[in-house]
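For reference, final17.csv (CSV, C-alpha atoms):
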chain,number,residue,atom,x,y,z
A,1,MET,CA,21.2,-15.7,86.0
A,2,PRO,CA,23.9,-18.0,84.6
A,3,PRO,CA,23.1,-21.7,84.6
A,4,ARG,CA,25.7,-22.5,87.3
A,5,GLU,CA,24.3,-19.9,89.6
A,6,GLN,CA,20.8,-21.3,89.1
A,7,HIS,CA,22.0,-24.7,90.3
A,8,ARG,CA,23.6,-23.2,93.3
A,9,VAL,CA,20.3,-21.6,94.3
A,10,GLN,CA,18.5,-24.9,93.9
A,11,CYS,CA,21.0,-26.8,96.0
A,12,PRO,CA,21.7,-24.7,99.1
A,13,ILE,CA,24.1,-26.2,101.6
A,14,LEU,CA,22.2,-25.7,104.9
A,15,ARG,CA,24.9,-26.8,107.3
A,16,ALA,CA,27.7,-24.6,108.6
A,17,ARG,CA,30.9,-25.4,106.9
A,18,ARG,CA,33.4,-27.0,109.3
A,19,LEU,CA,36.8,-25.5,109.8
A,20,ARG,CA,39.1,-27.1,107.2
A,21,ARG,CA,42.6,-28.2,107.9
A,22,ARG,CA,45.2,-26.3,105.9
A,23,ILE,CA,47.5,-28.2,103.6
A,24,GLU,CA,51.0,-28.3,105.1
A,25,PHE,CA,52.7,-31.1,103.3
A,26,PHE,CA,52.9,-30.4,99.6
A,27,GLN,CA,56.3,-29.2,98.6
A,28,GLY,CA,58.3,-29.1,95.3
A,29,THR,CA,56.2,-30.5,92.5
A,30,LEU,CA,53.2,-30.9,94.7
A,31,ASN,CA,53.0,-27.3,96.0
A,32,SER,CA,50.0,-26.2,93.8
A,33,THR,CA,46.4,-27.0,94.6
A,34,SER,CA,44.9,-24.5,92.2
A,35,GLU,CA,43.9,-26.9,89.3
A,36,VAL,CA,40.2,-27.0,90.4
A,37,HIS,CA,38.3,-24.1,92.0
A,38,GLU,CA,34.8,-25.5,92.5
A,39,ALA,CA,33.3,-28.9,92.2
A,40,ARG,CA,29.8,-30.4,92.5
A,41,ILE,CA,28.9,-34.0,93.3
A,42,PHE,CA,26.1,-35.9,91.5
A,43,ASP,CA,25.4,-39.1,93.2
A,44,THR,CA,24.1,-42.0,91.1
A,45,THR,CA,24.2,-44.8,93.8
A,46,LEU,CA,20.4,-45.2,93.6
A,47,ARG,CA,20.5,-45.5,89.8
A,48,ASP,CA,23.7,-46.7,88.3
A,49,GLY,CA,24.8,-48.1,91.6
A,50,GLU,CA,21.7,-50.2,91.8
A,51,GLN,CA,22.5,-51.6,88.4
A,52,SER,CA,25.4,-53.6,90.0
A,53,PRO,CA,24.8,-57.2,89.2
A,54,ARG,CA,22.8,-58.9,92.0
A,55,THR,CA,22.0,-55.6,93.7
A,56,SER,CA,18.5,-54.3,94.4
A,57,PHE,CA,17.4,-51.5,96.8
A,58,SER,CA,13.9,-51.6,98.3
A,59,TYR,CA,11.7,-48.6,98.5
A,60,GLU,CA,12.7,-48.1,102.1
A,61,ASP,CA,16.4,-48.5,101.3
A,62,LYS,CA,16.2,-45.8,98.7
A,63,ARG,CA,14.4,-43.4,101.0
A,64,GLU,CA,17.0,-44.0,103.8
A,65,ILE,CA,20.0,-43.7,101.5
A,66,ALA,CA,18.6,-40.5,99.8
A,67,ALA,CA,18.0,-38.9,103.2
A,68,VAL,CA,21.6,-39.4,104.3
A,69,LEU,CA,23.0,-38.2,101.0
A,70,ASP,CA,20.7,-35.2,101.3
A,71,ASP,CA,21.8,-34.4,104.8
A,72,MET,CA,25.5,-34.7,103.7
A,73,GLY,CA,25.0,-31.9,101.2
A,74,THR,CA,25.2,-33.9,98.0
A,75,HIS,CA,24.4,-31.5,95.2
A,76,VAL,CA,22.3,-33.9,93.0
A,77,ILE,CA,20.8,-37.3,93.8
A,78,GLU,CA,19.9,-39.4,90.8
A,79,ALA,CA,17.0,-41.3,92.4
A,80,GLY,CA,16.3,-43.8,89.6
A,81,PHE,CA,14.7,-44.5,86.3
A,82,PRO,CA,11.0,-43.5,86.7
A,83,VAL,CA,9.7,-45.4,83.6
A,84,ASN,CA,11.1,-48.7,84.8
A,85,SER,CA,8.2,-49.7,87.0
A,86,ASP,CA,5.4,-48.3,89.2
A,87,ALA,CA,7.5,-48.9,92.3
A,88,GLU,CA,10.5,-47.1,90.8
A,89,PHE,CA,8.3,-44.2,89.8
A,90,GLU,CA,6.9,-43.9,93.3
A,91,ALA,CA,10.3,-44.1,94.9
A,92,VAL,CA,11.7,-41.3,92.7
A,93,ARG,CA,8.7,-39.2,93.3
A,94,ASP,CA,8.9,-39.6,97.1
A,95,ILE,CA,12.6,-38.8,97.1
A,96,ALA,CA,11.9,-35.7,95.0
A,97,ASN,CA,9.3,-34.6,97.5
A,98,SER,CA,11.2,-35.4,100.7
A,99,THR,CA,14.7,-34.1,99.9
A,100,SER,CA,16.0,-30.5,99.8
A,101,THR,CA,18.7,-31.1,97.2
A,102,THR,CA,18.2,-31.5,93.5
A,103,THR,CA,16.7,-34.9,92.5
A,104,CYS,CA,17.3,-36.3,89.1
A,105,GLY,CA,15.4,-38.9,87.0
A,106,LEU,CA,16.9,-40.8,84.1
A,107,ALA,CA,15.2,-41.1,80.7
A,108,ARG,CA,16.0,-42.6,77.3
A,109,VAL,CA,15.3,-40.3,74.4
A,110,VAL,CA,11.8,-41.9,74.2
A,111,GLU,CA,8.6,-40.0,74.8
A,112,LYS,CA,7.2,-42.3,77.6
A,113,ASP,CA,10.5,-42.1,79.5
A,114,VAL,CA,10.7,-38.4,79.4
A,115,GLU,CA,7.1,-38.0,80.4
A,116,ALA,CA,7.5,-40.4,83.3
A,117,ALA,CA,10.5,-38.5,84.5
A,118,LEU,CA,8.6,-35.2,84.3
A,119,ASP,CA,5.6,-36.6,86.0
A,120,SER,CA,7.8,-37.9,88.9
A,121,GLY,CA,8.4,-34.3,90.0
A,122,VAL,CA,12.2,-34.3,89.7
A,123,GLU,CA,14.0,-31.0,89.3
A,124,LEU,CA,16.5,-32.4,86.7
A,125,VAL,CA,15.7,-34.9,83.9
A,126,HIS,CA,18.7,-36.8,82.6
A,127,VAL,CA,18.2,-37.9,79.0
A,128,PHE,CA,20.6,-40.1,77.1
A,129,VAL,CA,21.2,-41.6,73.7
A,130,SER,CA,24.0,-43.8,72.4
A,131,THR,CA,26.4,-42.0,70.1
A,132,SER,CA,29.1,-44.6,69.4
A,133,ASP,CA,28.7,-46.5,66.1
A,134,VAL,CA,28.9,-49.8,67.9
A,135,GLN,CA,26.0,-49.0,70.2
A,136,LEU,CA,24.0,-47.2,67.5
A,137,GLU,CA,24.2,-50.2,65.2
A,138,ASP,CA,24.1,-53.1,67.5
A,139,SER,CA,22.1,-51.8,70.5
A,140,MET,CA,19.9,-49.0,69.5
A,141,HIS,CA,19.6,-50.1,65.8
A,142,ALA,CA,19.5,-46.4,64.8
A,143,THR,CA,21.4,-44.1,62.6
A,144,ARG,CA,23.4,-41.1,63.7
A,145,GLU,CA,20.8,-38.7,62.3
A,146,GLN,CA,18.0,-40.5,64.3
A,147,ALA,CA,20.1,-40.2,67.4
A,148,VAL,CA,20.5,-36.5,67.0
A,149,GLU,CA,16.9,-35.9,66.2
A,150,ARG,CA,15.7,-37.8,69.2
A,151,ALA,CA,18.2,-36.1,71.5
A,152,VAL,CA,17.0,-32.6,70.4
A,153,GLN,CA,13.3,-33.5,70.7
A,154,SER,CA,13.9,-34.9,74.3
A,155,VAL,CA,15.8,-31.8,75.4
A,156,GLU,CA,13.2,-29.5,73.9
A,157,ARG,CA,10.4,-31.4,75.7
A,158,VAL,CA,12.1,-31.2,79.1
A,159,LYS,CA,12.8,-27.5,78.7
A,160,GLU,CA,9.3,-26.8,77.4
A,161,ALA,CA,8.1,-28.3,80.7
A,162,GLY,CA,10.2,-25.8,82.7
A,163,VAL,CA,12.5,-28.4,84.1
A,164,ASP,CA,16.4,-28.4,84.0
A,165,CYS,CA,17.8,-30.9,81.5
A,166,MET,CA,21.0,-32.9,81.4
A,167,PHE,CA,21.9,-34.7,78.2
A,168,SER,CA,24.3,-37.6,77.9
A,169,PRO,CA,25.9,-38.9,74.6
A,170,MET,CA,26.3,-42.5,75.9
A,171,ASP,CA,29.6,-44.1,75.1
A,172,ALA,CA,31.1,-40.7,74.4
A,173,THR,CA,34.7,-41.9,74.7
A,174,ARG,CA,34.2,-44.4,71.9
A,175,THR,CA,32.3,-42.0,69.7
A,176,ASP,CA,33.7,-40.4,66.5
A,177,GLU,CA,34.9,-37.0,67.7
A,178,ALA,CA,33.4,-35.0,64.9
A,179,PHE,CA,30.0,-36.6,65.5
A,180,LEU,CA,30.3,-36.1,69.2
A,181,MET,CA,30.8,-32.4,68.7
A,182,GLU,CA,27.8,-32.4,66.3
A,183,VAL,CA,25.7,-33.8,69.0
A,184,VAL,CA,27.0,-31.3,71.6
A,185,ASP,CA,26.2,-28.5,69.3
A,186,ALA,CA,22.7,-29.7,68.6
A,187,VAL,CA,21.6,-30.2,72.2
A,188,SER,CA,23.3,-27.0,73.2
A,189,GLU,CA,21.2,-25.1,70.7
A,190,ALA,CA,18.1,-27.0,72.0
A,191,GLY,CA,18.8,-25.5,75.4
A,192,THR,CA,20.2,-28.2,77.6
A,193,ASP,CA,21.5,-27.0,81.0
A,194,TRP,CA,24.0,-29.7,81.4
A,195,ILE,CA,26.0,-32.0,79.1
A,196,ASN,CA,27.3,-35.2,80.7
A,197,ILE,CA,30.3,-36.8,79.1
A,198,PRO,CA,30.2,-40.5,80.0
A,199,ASP,CA,33.1,-43.0,79.8
A,200,THR,CA,30.5,-45.7,79.6
A,201,CYS,CA,32.9,-48.6,79.1
A,202,GLY,CA,35.7,-47.3,81.2
A,203,VAL,CA,38.3,-46.9,78.4
A,204,ALA,CA,39.4,-43.4,79.1
A,205,THR,CA,42.8,-42.4,80.4
A,206,PRO,CA,43.2,-39.2,82.5
A,207,THR,CA,45.2,-37.3,79.9
A,208,ARG,CA,42.9,-38.2,77.0
A,209,PHE,CA,39.8,-37.6,79.0
A,210,ARG,CA,41.0,-34.2,80.1
A,211,ASP,CA,41.6,-33.3,76.5
A,212,MET,CA,38.1,-34.4,75.5
A,213,ILE,CA,36.4,-32.5,78.3
A,214,ALA,CA,38.4,-29.4,77.5
A,215,LYS,CA,37.1,-29.5,73.9
A,216,VAL,CA,33.5,-29.9,75.0
A,217,VAL,CA,33.9,-27.1,77.6
A,218,ASP,CA,35.1,-24.8,74.8
A,219,ARG,CA,32.2,-25.9,72.5
A,220,THR,CA,29.2,-25.1,74.7
A,221,ASP,CA,27.7,-22.7,77.2
A,222,ALA,CA,26.1,-25.7,79.1
A,223,ASP,CA,27.6,-26.8,82.3
A,224,ILE,CA,29.7,-30.0,81.9
A,225,ASP,CA,29.3,-33.1,84.0
A,226,VAL,CA,31.4,-36.3,83.8
A,227,HIS,CA,30.5,-40.0,84.4
A,228,THR,CA,33.4,-42.4,84.6
A,229,HIS,CA,33.6,-46.2,84.9
A,230,ASP,CA,36.2,-48.2,86.7
A,231,ASP,CA,37.0,-51.1,84.3
A,232,PHE,CA,40.7,-50.3,84.4
A,233,GLY,CA,40.7,-48.7,87.9
A,234,LEU,CA,40.8,-45.2,86.5
A,235,ALA,CA,37.4,-43.9,87.3
A,236,ALA,CA,38.3,-41.5,90.1
A,237,ALA,CA,41.4,-40.3,88.2
A,238,ASN,CA,39.4,-39.7,85.1
A,239,ALA,CA,36.7,-37.8,87.1
A,240,LEU,CA,39.3,-35.6,88.6
A,241,SER,CA,40.8,-35.0,85.2
A,242,GLY,CA,37.4,-33.9,84.1
A,243,PHE,CA,37.3,-31.3,86.8
A,244,GLU,CA,40.8,-30.1,85.9
A,245,ALA,CA,39.6,-29.6,82.3
A,246,GLY,CA,36.7,-27.4,83.4
A,247,ALA,CA,33.8,-29.8,84.3
A,248,ALA,CA,31.6,-28.4,87.0
A,249,GLN,CA,30.3,-31.8,88.3
A,250,ALA,CA,31.1,-35.5,88.5
A,251,GLN,CA,28.8,-38.5,88.8
A,252,VAL,CA,29.8,-40.9,91.5
A,253,SER,CA,28.5,-43.7,93.6
A,254,VAL,CA,29.1,-44.7,97.2
A,255,ASN,CA,31.8,-47.4,97.4
A,256,GLY,CA,32.1,-47.1,93.6
A,257,ILE,CA,29.3,-49.6,93.0
A,258,GLY,CA,27.7,-49.8,89.6
A,259,GLU,CA,27.7,-51.6,86.2
A,260,ARG,CA,30.6,-54.1,85.8
A,261,ALA,CA,33.6,-52.8,87.8
A,262,GLY,CA,31.5,-49.8,89.0
A,263,ASN,CA,31.7,-46.0,88.9
A,264,ALA,CA,34.0,-43.4,90.3
A,265,ALA,CA,33.7,-43.7,94.1
A,266,TYR,CA,31.9,-40.9,96.0
A,267,GLU,CA,34.4,-41.1,98.9
A,268,GLU,CA,37.5,-41.1,96.7
A,269,VAL,CA,36.5,-38.2,94.5
A,270,VAL,CA,35.2,-36.1,97.4
A,271,MET,CA,38.2,-36.6,99.6
A,272,ALA,CA,40.6,-36.0,96.7
A,273,LEU,CA,38.9,-32.7,96.0
A,274,GLU,CA,38.8,-31.7,99.6
A,275,SER,CA,42.3,-32.8,100.6
A,276,LEU,CA,44.5,-32.8,97.5
A,277,TYR,CA,42.9,-30.0,95.5
A,278,ASP,CA,41.8,-27.9,98.5
A,279,VAL,CA,38.3,-27.5,97.2
A,280,ASP,CA,35.4,-26.9,99.5
A,281,THR,CA,32.8,-29.2,98.1
A,282,GLY,CA,30.2,-28.5,100.7
A,283,ILE,CA,29.9,-32.2,101.5
A,284,ASP,CA,29.8,-33.2,105.2
A,285,THR,CA,32.7,-35.6,104.9
A,286,THR,CA,32.4,-36.8,108.5
A,287,ARG,CA,29.5,-39.0,107.4
A,288,ILE,CA,31.4,-40.7,104.5
A,289,THR,CA,32.2,-43.9,106.5
A,290,GLU,CA,28.6,-44.0,107.7
A,291,ILE,CA,27.1,-43.9,104.2
A,292,SER,CA,29.7,-46.4,103.0
A,293,ARG,CA,28.6,-48.9,105.7
A,294,ILE,CA,24.9,-48.4,104.8
A,295,ILE,CA,25.6,-49.1,101.1
A,296,GLU,CA,27.8,-52.1,101.9
A,297,GLY,CA,24.9,-53.6,103.9
A,298,LYS,CA,22.1,-52.8,101.5
A,299,SER,CA,24.0,-53.7,98.3
A,300,ASP,CA,25.6,-56.8,99.8
A,301,ILE,CA,28.8,-55.8,98.1
A,302,PRO,CA,31.7,-56.0,100.6
A,303,VAL,CA,34.1,-53.1,100.9
A,304,PRO,CA,37.6,-54.4,100.4
A,305,ALA,CA,39.9,-53.9,103.4
A,306,ASN,CA,42.3,-51.9,101.3
A,307,LYS,CA,39.6,-49.7,99.7
A,308,PRO,CA,40.7,-46.0,99.8
A,309,VAL,CA,39.1,-43.8,102.4
A,310,VAL,CA,36.5,-46.3,103.7
A,311,GLY,CA,38.3,-49.7,103.8
A,312,ARG,CA,39.1,-51.0,107.3
A,313,ASN,CA,42.8,-50.8,106.6
A,314,ALA,CA,42.7,-47.2,105.4
A,315,PHE,CA,43.8,-45.8,108.8
A,316,SER,CA,45.2,-49.0,110.3
A,317,HIS,CA,48.9,-49.7,111.0
A,318,GLU,CA,50.7,-52.9,111.9
A,319,SER,CA,54.3,-52.4,110.8
A,320,GLY,CA,56.5,-51.5,113.7
A,321,ILE,CA,58.1,-48.6,112.0
A,322,HIS,CA,54.8,-47.2,110.8
A,323,ALA,CA,53.0,-47.7,114.0
A,324,ALA,CA,55.9,-46.1,116.0
A,325,GLY,CA,55.8,-43.0,113.7
A,326,VAL,CA,52.0,-42.7,113.9
A,327,ILE,CA,52.0,-42.9,117.7
A,328,GLU,CA,54.5,-40.0,117.7
A,329,ASN,CA,52.7,-38.0,115.0
A,330,SER,CA,50.0,-39.5,112.7
A,331,ASP,CA,51.2,-37.4,109.8
A,332,THR,CA,54.3,-39.5,109.5
A,333,PHE,CA,52.7,-42.4,107.8
A,334,GLU,CA,49.2,-41.1,106.9
A,335,PRO,CA,48.4,-38.4,104.2
A,336,GLY,CA,48.2,-35.7,106.8
A,337,VAL,CA,45.7,-33.8,104.7
A,338,MET,CA,43.1,-36.6,105.3
A,339,THR,CA,42.6,-37.8,108.8
A,340,PRO,CA,40.2,-40.6,110.0
A,341,GLU,CA,38.2,-37.9,111.8
A,342,MET,CA,37.5,-36.1,108.6
A,343,VAL,CA,35.6,-39.1,107.2
A,344,GLY,CA,34.0,-40.3,110.4
A,345,ALA,CA,36.4,-43.2,110.9
A,346,SER,CA,39.0,-44.1,113.6
A,347,ARG,CA,42.7,-45.0,113.6
A,348,GLU,CA,43.6,-48.6,114.6
A,349,LEU,CA,47.0,-50.1,115.7
A,350,VAL,CA,46.7,-53.7,114.5
A,351,LEU,CA,48.7,-56.3,116.4
A,352,GLY,CA,50.3,-59.1,114.4
A,353,LYS,CA,53.5,-60.5,112.9
A,354,HIS,CA,54.8,-57.1,112.0
A,355,THR,CA,54.0,-55.4,115.3
A,356,GLY,CA,56.7,-53.4,117.1
A,357,GLN,CA,57.1,-52.6,120.8
A,358,HIS,CA,55.7,-49.1,120.5
A,359,SER,CA,52.3,-50.4,119.3
A,360,VAL,CA,52.2,-53.1,122.0
A,361,ARG,CA,53.0,-50.6,124.7
A,362,GLU,CA,50.4,-48.2,123.4
A,363,ARG,CA,47.6,-50.9,123.4
A,364,LEU,CA,48.6,-52.1,126.9
A,365,VAL,CA,48.5,-48.6,128.3
A,366,GLU,CA,45.1,-48.0,126.7
A,367,ALA,CA,43.9,-51.1,128.6
A,368,SER,CA,45.3,-49.6,131.9
A,369,TYR,CA,48.4,-51.9,132.1
A,370,GLU,CA,51.7,-50.5,133.4
A,371,PRO,CA,54.3,-52.6,131.6
A,372,THR,CA,58.1,-52.4,132.1
A,373,ASP,CA,60.4,-52.3,129.1
A,374,ASP,CA,61.3,-56.0,129.6
A,375,GLU,CA,57.6,-57.0,129.8
A,376,VAL,CA,56.9,-55.1,126.6
A,377,ARG,CA,59.7,-56.9,124.8
A,378,GLU,CA,58.4,-60.3,126.0
A,379,ILE,CA,54.8,-59.6,125.0
A,380,THR,CA,55.9,-58.2,121.6
A,381,ARG,CA,57.8,-61.5,121.0
A,382,ARG,CA,54.7,-63.5,121.8
A,383,VAL,CA,52.5,-61.3,119.6
A,384,LYS,CA,54.9,-61.7,116.6
A,385,GLU,CA,55.0,-65.5,117.0
A,386,PHE,CA,51.2,-65.8,117.4
A,387,GLY,CA,50.6,-63.6,114.4
A,388,ALA,CA,53.2,-65.5,112.3
A,389,ASP,CA,51.0,-68.6,112.6
A,390,ASP,CA,48.2,-66.7,110.8
A,391,ASN,CA,46.4,-66.0,114.1
A,392,ARG,CA,44.5,-62.8,114.8
A,393,VAL,CA,45.8,-60.9,117.8
A,394,THR,CA,42.8,-59.4,119.5
A,395,MET,CA,42.8,-57.4,122.7
A,396,GLU,CA,41.7,-60.5,124.5
A,397,VAL,CA,44.8,-62.3,123.3
A,398,LEU,CA,47.0,-59.4,124.2
A,399,GLU,CA,45.6,-59.3,127.7
A,400,GLU,CA,46.2,-63.0,128.1
A,401,PHE,CA,49.9,-62.4,127.3
A,402,ALA,CA,50.0,-59.5,129.7
A,403,GLN,CA,48.6,-61.7,132.5
A,404,ASP,CA,50.9,-64.6,131.7
A,405,VAL,CA,53.9,-62.2,131.9
A,406,GLY,CA,52.6,-60.7,135.1
A,407,VAL,CA,52.1,-57.1,134.0
A,408,ASP,CA,50.7,-54.8,136.7
A,409,ARG,CA,47.4,-53.2,135.9
A,410,GLU,CA,45.9,-50.0,137.3
A,411,VAL,CA,42.7,-51.0,139.1
A,412,ASP,CA,39.7,-48.8,138.7
A,413,GLU,CA,38.3,-47.5,142.0
A,414,GLU,CA,34.8,-48.5,141.0
A,415,GLU,CA,36.0,-52.1,140.5
A,416,VAL,CA,37.6,-52.0,143.9
A,417,ARG,CA,34.4,-50.8,145.6
A,418,ALA,CA,32.4,-53.5,143.7
Whole structure, structure tokens version:
Amino acid sequence: MPPREQHRVQCPILRARRLRRRIEFFQGTLNSTSEVHEARIFDTTLRDGEQSPRTSFSYEDKREIAAVLDDMGTHVIEAGFPVNSDAEFEAVRDIANSTSTTTCGLARVVEKDVEAALDSGVELVHVFVSTSDVQLEDSMHATREQAVERAVQSVERVKEAGVDCMFSPMDATRTDEAFLMEVVDAVSEAGTDWINIPDTCGVATPTRFRDMIAKVVDRTDADIDVHTHDDFGLAAANALSGFEAGAAQAQVSVNGIGERAGNAAYEEVVMALESLYDVDTGIDTTRITEISRIIEGKSDIPVPANKPVVGRNAFSHESGIHAAGVIENSDTFEPGVMTPEMVGASRELVLGKHTGQHSVRERLVEASYEPTDDEVREITRRVKEFGADDNRVTMEVLEEFAQDVGVDREVDEEEVRA
């Protein structure tokens, strides 16, 4: 059985696939969605995500997060670094035992690391070694030859134990290309199932990264995985370029948390694949907002309002022109191929300085008011003035304006009887 088919068998998607909305809006230069045919999601929130400065997940946190990621249909969950501590080992082992998806444990190319990962019971051991000269000389204090030797020994040990192996040449995007290919050849011959190409310091660009991944894909029979960092805001774009070049899987973290500026964001990569590339990832996207809020709370890293997919402004509208269009047809000023319902969120018409009459009328009607055109104009004027003074226009404020203006309100029969 080919390696990729083996991984499919190990990671069955148990839920029924929802009906997917057809893409209707791509025309001209955007009329093709055929660049990627299949894509797997490797979540590293519990490993690289937890390495965010000032972030630490408790044992209970890890179990809860892993359970949701598992229920969502995430293909691989990197549960942690088993050799790091007894508590980390126990958390990884318990996640491996309690989830139905593939669980991964990280290990340096060091015997004790590899043995700890194997002992934890994970289905996939992820071994890594630095390959860039700067990291070899000033971090590992090892030669290129030593790095290759340790890599091969670690891969062989994992395969000897009957466990799937992923190998990462750390800092691949700053590694001499000829040496990188030498490492790829060596671990491929040693039998690794996966080769992860990490942009460890976030210096890749989409075109360059795609070219690099294409070369690796052509070089090996192992499946290719990518790991991209967001130092220049390119992590999601680079991950998608990896898929376009033939990678089978991308490593992501919820809300993009991780070392320094973080990783490619789970929600961004999944929804781009689903909505822009028309790929059925098998992920239950309706729980994306839920898992985002869980990670926000447990990591204590706030989600910016303008964060794609999960930020509070992602499906919010204040501008009068935009709000009027969305009230008529939400596809006018939203992507259309991604709706709030698809990610478990809701649309909001925000009242403020830029609000138009359509939005004010809509919010009043929702609150059972029956305003005339003149009343809507007057309340809209008040809303704009109030918002211009940097005040937040809540529903309570809107209702005060409505009462001051004397807008009729439909009275609920239950209220009358009470």
For this session: Fewer than 2 positions away in the same chain doesn't count, so skip those; otherwise give me all residues within 10 Å of Asp231 in chain A, counting all atoms listed in the file, as a VMD selection string.
Result: chain A and resid 200 to 204 228 to 229 233 to 235 259 to 263
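Of the listed residues (A:Ser120, A:Thr131, A:Gln249, A:Asn196), A:Gln249 comes nearest to His37 in chain A; the distances count all atoms listed in the file.
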I want to know what sits within 7 Å of range 80-86 of chain A, based on only C-alpha atoms, with residues of the same chain fewer than 6 positions away left out; could you give that as a compact mmCIF listing (two decimals) with C-alpha atoms, in the frame of the given file?
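Dumped everything to selection.txt:
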# COMPACT_ATOMS: atom_id res chain seq x y z
CA LEU A 46 20.40 -45.20 93.60
CA ARG A 47 20.50 -45.50 89.80
CA VAL A 92 11.70 -41.30 92.70
CA GLY A 105 15.40 -38.90 87.00
CA LEU A 106 16.90 -40.80 84.10
CA ALA A 107 15.20 -41.10 80.70
CA ASP A 113 10.50 -42.10 79.50
CA ALA A 116 7.50 -40.40 83.30
CA ALA A 117 10.50 -38.50 84.50
CA SER A 120 7.80 -37.90 88.90
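Those residues that approach Ala214 in chain A to within 9 Å, counting all atoms listed in the file, are Gly242, Glu244, Ala245, Gly246 and Ala247 of chain A; same-chain residues fewer than 6 positions away are not listed.
Using only C-alpha atoms for every distance, the candidate list A:Thr173, A:Thr143, A:Gln251, A:Ser100 yields A:Gln251 as the residue closest to Asp48 in chain A.
Take the candidates A:Gly356, A:Ile41, A:Val309, A:Gly387 and check each one against Glu334 in chain A using all atoms listed in the file; the shortest distance goes to A:Val309.
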Seminar exercise, completed: From CA of Pro169 in chain A to CA of Ser130 in chain A the spacing works out at 5.7 Å
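Closest to Leu136 in chain A among A:Asp176, A:Glu35, A:Glu370, A:Glu123 is A:Asp176, based on only C-alpha atoms.
Going from CA of Cys165 in chain A over to CA of Tyr277 in chain A, you cover 28.8 Å.
Minimum atom-to-atom distances from A:Lys298, A:Lys215, A:His317, A:Lys353 to Ala388 in chain A were compared using only C-alpha atoms, and the lowest value belongs to A:Lys353.
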